[in-house]
Every structure is written in C-alpha cells, then in structure tokens.
Amino acid sequence: MSGSLRLRRIGSHVVTSPTPASGGAAPLGVAVVGAGRMGTFHAHNLAGMPGATVPIVVDVVEDAAQELAAAVGAEATTDLAAALARTDVGAVVITVTSAAHHEAILAAAAAGKHVFVEKPITLTVGESL
C-alpha cells in the first residue's frame, strides 16, 4: 500500500510531502550545506519529510549554521569534511554561493554522497565537466 501526500506551508510556499506506508526504509540523512535562504527552505522541507532527516547543517558562518540547525533539530558545523565523513549522512543539499558549488560538489561526490545542488551547478562550463 502506498502512502498519501500532505500539504504544508513554509513561508509563502505550499509544499507536499509523502506520508510513507508502514514498513518503509530507514530515513535518508541529508546534510544541508549553506544556511542562507535556500538552505533554510530545503532544511525545513527535509525535516518535515517522513523519509528524510537533517542530521547536520554546514555553513562558513557558524552563527548561521547554529541558528538553522536549532530550527530543524540538527547539529551545526563549519567543517564540510567532517559533515561528509558522518555515517548518518547519505546525501547533501548544496545551497552555498555559486562560486563555491564546484568545490562542495567534488567533496561530496568524493565522499560517496548523493548530491542535490542549486543552480547553476558551476560558474564555468569547464568546472561542470
């Protein structure tokens, strides 16, 4: 039996999230990299999804990471490598500035994590290949 969808409002957005059927797989731990506007949006969406958790928020501004982490029940760090080394992180959402996408994508991929990145993927075609 499949789950149903539920509607939630986050700021001015209405989002849907699945309600899983019983006996589903363990939730996917997703690190949110970047605690700005888009990071906040994605972190709150993920934290409200039954199939996902946000175990850690990463930002170069420690106060920003701590504020968002507190809001979604996560830990906070400024150390991307430490976040990627965690066994409870299977994927990352990268919402840092566009100039920092390339480095964060490569680090996450090298750590064997699934990657979702806000556009643009990189600032140059060469970096994206």
# chains A, B, ... in the order shown; residues from 1 in each chain; ligands from 1

call {"tool": "residues_around", "arguments": {"residues": "region 117-125 of chain A", "least_positions_apart": "5", "cutoff": "6 Å", "atoms": "only C-alpha atoms", "output": "PyMOL selection string"}}
result
chain A and resi 93-95+101-102

call {"tool": "select_by_dssp", "arguments": {"residues": "region 4-112 of chain A", "states": "strand (DSSP E or B)", "output": "PyMOL selection string"}}
result
chain A and resi 4-10+13-19+28-33+52-53+56-58+75-77+91-94

call {"tool": "write_last_selection", "arguments": {"atoms": "C-alpha atoms", "output": "PDB file, in the first residue's frame"}}
result
ATOM      1  CA  SER A   4      -0.534   9.610   0.862  1.00  0.00           C
ATOM      2  CA  LEU A   5       0.528  13.225   0.390  1.00  0.00           C
ATOM      3  CA  ARG A   6       0.137  16.005   2.898  1.00  0.00           C
ATOM      4  CA  LEU A   7       0.246  19.754   2.278  1.00  0.00           C
ATOM      5  CA  ARG A   8       2.304  22.117   4.431  1.00  0.00           C
ATOM      6  CA  ARG A   9       3.004  25.824   4.232  1.00  0.00           C
ATOM      7  CA  ILE A  10       6.594  27.044   4.574  1.00  0.00           C
ATOM      8  CA  HIS A  13       5.323  28.223  -0.328  1.00  0.00           C
ATOM      9  CA  VAL A  14       2.939  25.293  -0.152  1.00  0.00           C
ATOM     10  CA  VAL A  15       4.790  22.001  -0.353  1.00  0.00           C
ATOM     11  CA  THR A  16       3.748  18.386  -0.419  1.00  0.00           C
ATOM     12  CA  SER A  17       5.473  15.600   1.389  1.00  0.00           C
ATOM     13  CA  PRO A  18       4.735  11.901   1.297  1.00  0.00           C
ATOM     14  CA  THR A  19       3.278  10.060   4.225  1.00  0.00           C
ATOM     15  CA  LEU A  28      17.832   9.256   4.413  1.00  0.00           C
ATOM     16  CA  GLY A  29      20.154  11.603   6.322  1.00  0.00           C
ATOM     17  CA  VAL A  30      20.700  14.765   4.291  1.00  0.00           C
ATOM     18  CA  ALA A  31      23.334  17.346   5.219  1.00  0.00           C
ATOM     19  CA  VAL A  32      22.328  20.889   4.307  1.00  0.00           C
ATOM     20  CA  VAL A  33      25.373  22.814   3.099  1.00  0.00           C
ATOM     21  CA  ALA A  52      14.412  12.115   5.470  1.00  0.00           C
ATOM     22  CA  THR A  53      16.333  13.590   8.375  1.00  0.00           C
ATOM     23  CA  ILE A  56      23.754  18.369  10.284  1.00  0.00           C
ATOM     24  CA  VAL A  57      23.823  21.880   8.810  1.00  0.00           C
ATOM     25  CA  VAL A  58      27.086  23.278   7.411  1.00  0.00           C
ATOM     26  CA  GLU A  75      23.853  19.662  14.682  1.00  0.00           C
ATOM     27  CA  ALA A  76      25.838  22.570  13.241  1.00  0.00           C
ATOM     28  CA  THR A  77      29.365  22.827  11.876  1.00  0.00           C
ATOM     29  CA  ALA A  91      23.145  12.844   0.704  1.00  0.00           C
ATOM     30  CA  VAL A  92      23.828  16.571   0.650  1.00  0.00           C
ATOM     31  CA  VAL A  93      21.862  19.593  -0.471  1.00  0.00           C
ATOM     32  CA  ILE A  94      24.319  22.255  -1.614  1.00  0.00           C
TER      33      ILE A  94
END

call {"tool": "residues_around", "arguments": {"residues": "Ala85 (chain A)", "least_positions_apart": "4", "cutoff": "8 Å", "atoms": "only C-alpha atoms", "output": "VMD selection string"}}
result
chain A and resid 81 89 111

call {"tool": "write_last_selection", "arguments": {"atoms": "C-alpha atoms", "output": "mmCIF file, in the first residue's frame"}}
result
data_model
loop_
_atom_site.group_PDB
_atom_site.id
_atom_site.type_symbol
_atom_site.label_atom_id
_atom_site.label_comp_id
_atom_site.auth_asym_id
_atom_site.auth_seq_id
_atom_site.Cartn_x
_atom_site.Cartn_y
_atom_site.Cartn_z
ATOM 1 C CA ALA A 81 34.733 17.442 5.504
ATOM 2 C CA VAL A 89 24.676 11.407 6.048
ATOM 3 C CA ALA A 111 32.794 11.105 -0.021
#

call {"tool": "atom_distance", "arguments": {"atom1": "CA of Thr97 (chain A)", "atom2": "CA of Pro50 (chain A)"}}
result
28.4 Å

call {"tool": "closest_residue", "arguments": {"among": "A:Phe116, A:Thr87, A:Asp79, A:Ala108", "to": "Gly39 (chain A)", "atoms": "only C-alpha atoms"}}
result
A:Phe116
